[in-house]
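Here the structure is laid out as structure tokens; the discussion comes afterwards.
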Amino acid sequence: MLSLHANVYAHPEGAATGPRRELRGLPLPTLVGPGGGPPPFLQVLPVTFEQMQAALAELPRCDCEPDGFFLLTGHTPEGVFWRLNGHMQEYQPEDADGPSMHRIELNGECPVASLDAVLRTIGWPKAQLAFELVREGVTLIEADFREYASQPATEGEPRRPDRGASRVPAPCRGRDDAALGTSALEANASYTPWHITFGTYGTRLHGDRRPTVDLEHNEYGTPYLPRNELRRRRAEDTLTGPPVHLSAEQRRLIERLLPEICHRGGWRIHTAAAQSDHVHVICDVRSEVHGEKVRRLIKRWLSEALNEKWPDPNRLRWWAVQGSNKAIKDESYLQNAIAYVEKQRTASR
């Protein structure tokens, strides 16, 4: 079983063997760029975002979302459950006709064969790869990375050292944390209030009698989807697991976590509420950032916390893929929305 948290890139041009580092008890050589600094991760992988998603869809027990997050799960022959989380990011070089995959972030545990299956979706073994360890902040060639990942993870593995700015281009799609600001809010920054809502997995299906949204119906002012029993049944047939209904304990935890999550993302929270089948968040976000990016990160960070407290190998996801993002431009609407969400809080009951 492999244990890993790494960014996987195309092998950088001009990289050379650097000093050895003690990693999980192994003295392994690192990769460095020209001058001994971090490698310049400027090359792209030989597949597009869409090609990788299509390849991931062919893997057993792999769940991939449109924004590039994916999850691969399984059991060893001995019955041990494993989980590998992934995140795709693409990039378009200046001289390219279109974007290609730039890197994938992998975090979790998996058998060697499952790692190989994921790497094949980005052109391995023909494509030569480099593996940047997220916690340690060093880069390894494939053979050394596999040796490292085969060792048990140690408690308190070192965090990334302060090593200067890495030469990593900004992604075209996928999470861009830099664009979301830092947890330390700037006093004079310009913010827009957003009312963000998202449902739990499988509880509000398209075509249901209750209001739902999809890619064409998720902005303020657009109508909800009409009731359509045929579409509802089709959506039900595509479910990969049972619907998720949040317990009172889970709802209270979510409401406790959301202020911390907003602080982590650099957003000013007004209020938040968790119901059994959906979550509301009202927060101020930098004006240049769309609420959809915020919603994706909130869902991801909540999932990580919920999985840690309530691990379940049969649950692939907590949340529906889509949700609602409403940019609030009117002060009276903002106050009414805050009052509406406050009434739904579980913690106040």
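Labels for the structure tokens follow display order: chains A, B, ..., residues from 1 in each chain, ligands from 1.
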task = Can you pull out every residue within 10 Å of A:Glu331, counting only C-alpha atoms, but drop anything in the same chain fewer than 5 positions away, and send it as a ChimeraX atom specification?
result = /A:193,336-337
Residues just named, written with N, CA and C atoms as an mmCIF file, in the first residue's frame:
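Output contents, as saved in again04.cif:
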```cif
data_model
loop_
_atom_site.group_PDB
_atom_site.id
_atom_site.type_symbol
_atom_site.label_atom_id
_atom_site.label_comp_id
_atom_site.auth_asym_id
_atom_site.auth_seq_id
_atom_site.Cartn_x
_atom_site.Cartn_y
_atom_site.Cartn_z
ATOM 1 N N PRO A 193 -20.998 40.394 -1.409
ATOM 2 C CA PRO A 193 -21.681 39.340 -0.653
ATOM 3 C C PRO A 193 -22.246 38.278 -1.598
ATOM 4 N N ASN A 336 -32.386 40.474 4.495
ATOM 5 C CA ASN A 336 -33.449 39.462 4.466
ATOM 6 C C ASN A 336 -32.864 38.055 4.335
ATOM 7 N N ALA A 337 -31.823 37.920 3.516
ATOM 8 C CA ALA A 337 -31.194 36.611 3.342
ATOM 9 C C ALA A 337 -30.540 36.148 4.636
#
```
Shell of 12 Å around A:Pro152, only C-alpha atoms, local chain residues under 5 positions omitted, as an mmCIF file with N, CA and C atoms, in the first residue's frame:
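Produced file result-v7.cif, reproduced below:
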```cif
data_model
loop_
_atom_site.group_PDB
_atom_site.id
_atom_site.type_symbol
_atom_site.label_atom_id
_atom_site.label_comp_id
_atom_site.auth_asym_id
_atom_site.auth_seq_id
_atom_site.Cartn_x
_atom_site.Cartn_y
_atom_site.Cartn_z
ATOM 1 N N MET A 1 0.841 -1.193 0.000
ATOM 2 C CA MET A 1 0.000 0.000 0.000
ATOM 3 C C MET A 1 0.880 1.249 0.000
ATOM 4 N N LEU A 2 0.549 2.192 -0.862
ATOM 5 C CA LEU A 2 1.283 3.447 -0.943
ATOM 6 C C LEU A 2 0.570 4.521 -0.132
ATOM 7 N N SER A 3 1.336 5.389 0.503
ATOM 8 C CA SER A 3 0.801 6.532 1.240
ATOM 9 C C SER A 3 1.451 7.784 0.678
ATOM 10 N N LEU A 4 0.642 8.723 0.186
ATOM 11 C CA LEU A 4 1.231 9.829 -0.561
ATOM 12 C C LEU A 4 0.398 11.095 -0.490
ATOM 13 N N LEU A 23 13.821 11.201 4.100
ATOM 14 C CA LEU A 23 12.381 11.176 3.894
ATOM 15 C C LEU A 23 11.843 9.821 4.319
ATOM 16 N N ARG A 24 11.070 9.821 5.396
ATOM 17 C CA ARG A 24 10.533 8.579 5.959
ATOM 18 C C ARG A 24 11.637 7.548 6.196
ATOM 19 N N GLY A 25 12.762 8.044 6.675
ATOM 20 C CA GLY A 25 13.867 7.166 7.012
ATOM 21 C C GLY A 25 14.754 6.783 5.850
ATOM 22 N N LEU A 26 14.476 7.327 4.656
ATOM 23 C CA LEU A 26 15.270 6.990 3.474
ATOM 24 C C LEU A 26 16.063 8.215 3.017
ATOM 25 N N GLY A 108 -3.640 10.537 -0.315
ATOM 26 C CA GLY A 108 -4.330 9.411 0.296
ATOM 27 C C GLY A 108 -3.489 8.156 0.278
ATOM 28 N N GLU A 109 -4.171 7.022 0.217
ATOM 29 C CA GLU A 109 -3.518 5.721 0.175
ATOM 30 C C GLU A 109 -4.118 4.905 -0.958
ATOM 31 N N ARG A 146 8.312 6.349 -5.602
ATOM 32 C CA ARG A 146 7.647 5.079 -5.283
ATOM 33 C C ARG A 146 8.266 4.431 -4.047
ATOM 34 N N GLU A 147 9.574 4.535 -3.912
ATOM 35 C CA GLU A 147 10.224 3.989 -2.721
ATOM 36 C C GLU A 147 9.766 4.744 -1.476
ATOM 37 N N GLU A 157 5.085 14.728 9.850
ATOM 38 C CA GLU A 157 5.977 14.906 8.714
ATOM 39 C C GLU A 157 6.163 16.394 8.450
#
```
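Shortest separation to A:Phe145 among A:Thr30, A:Ser114, A:Ser303, A:Thr203 occurs at residue A:Thr30, atoms counted being only C-alpha atoms.
Using only C-alpha atoms for every distance, the candidate list A:Val112, A:Val138, A:Ala272, A:Ala153 yields A:Val138 as the residue closest to A:Val8.
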request  = Name the residues in contact with A:His5 at a cut-off of 10 Å, using only C-alpha atoms, excluding same-chain residues fewer than 4 positions from it; report them as JSON, numbers by chain.
outcome  = {"A": [84, 85, 86, 105, 106, 107, 108, 109, 131, 132, 133, 134, 135, 136, 149]}
request  = Please provide the set of residues having any atom within 10 Å of stretch 52-64 of chain A, restricted to only C-alpha atoms, with same-chain residues fewer than 4 positions apart removed, written as a PyMOL selection string.
outcome  = chain A and resi 46-48+68-74+84-88+100-101+114+117-123+240+316-317+321
request  = Pull the strand (DSSP E or B) assignments for stretch 6-199 of chain A out of DSSP run on the backbone, and list those residues as a PyMOL selection string.
outcome  = chain A and resi 6-10+16-23+26-32+62-64+69-75+81-91+100-110+129-133+139-141+191-199
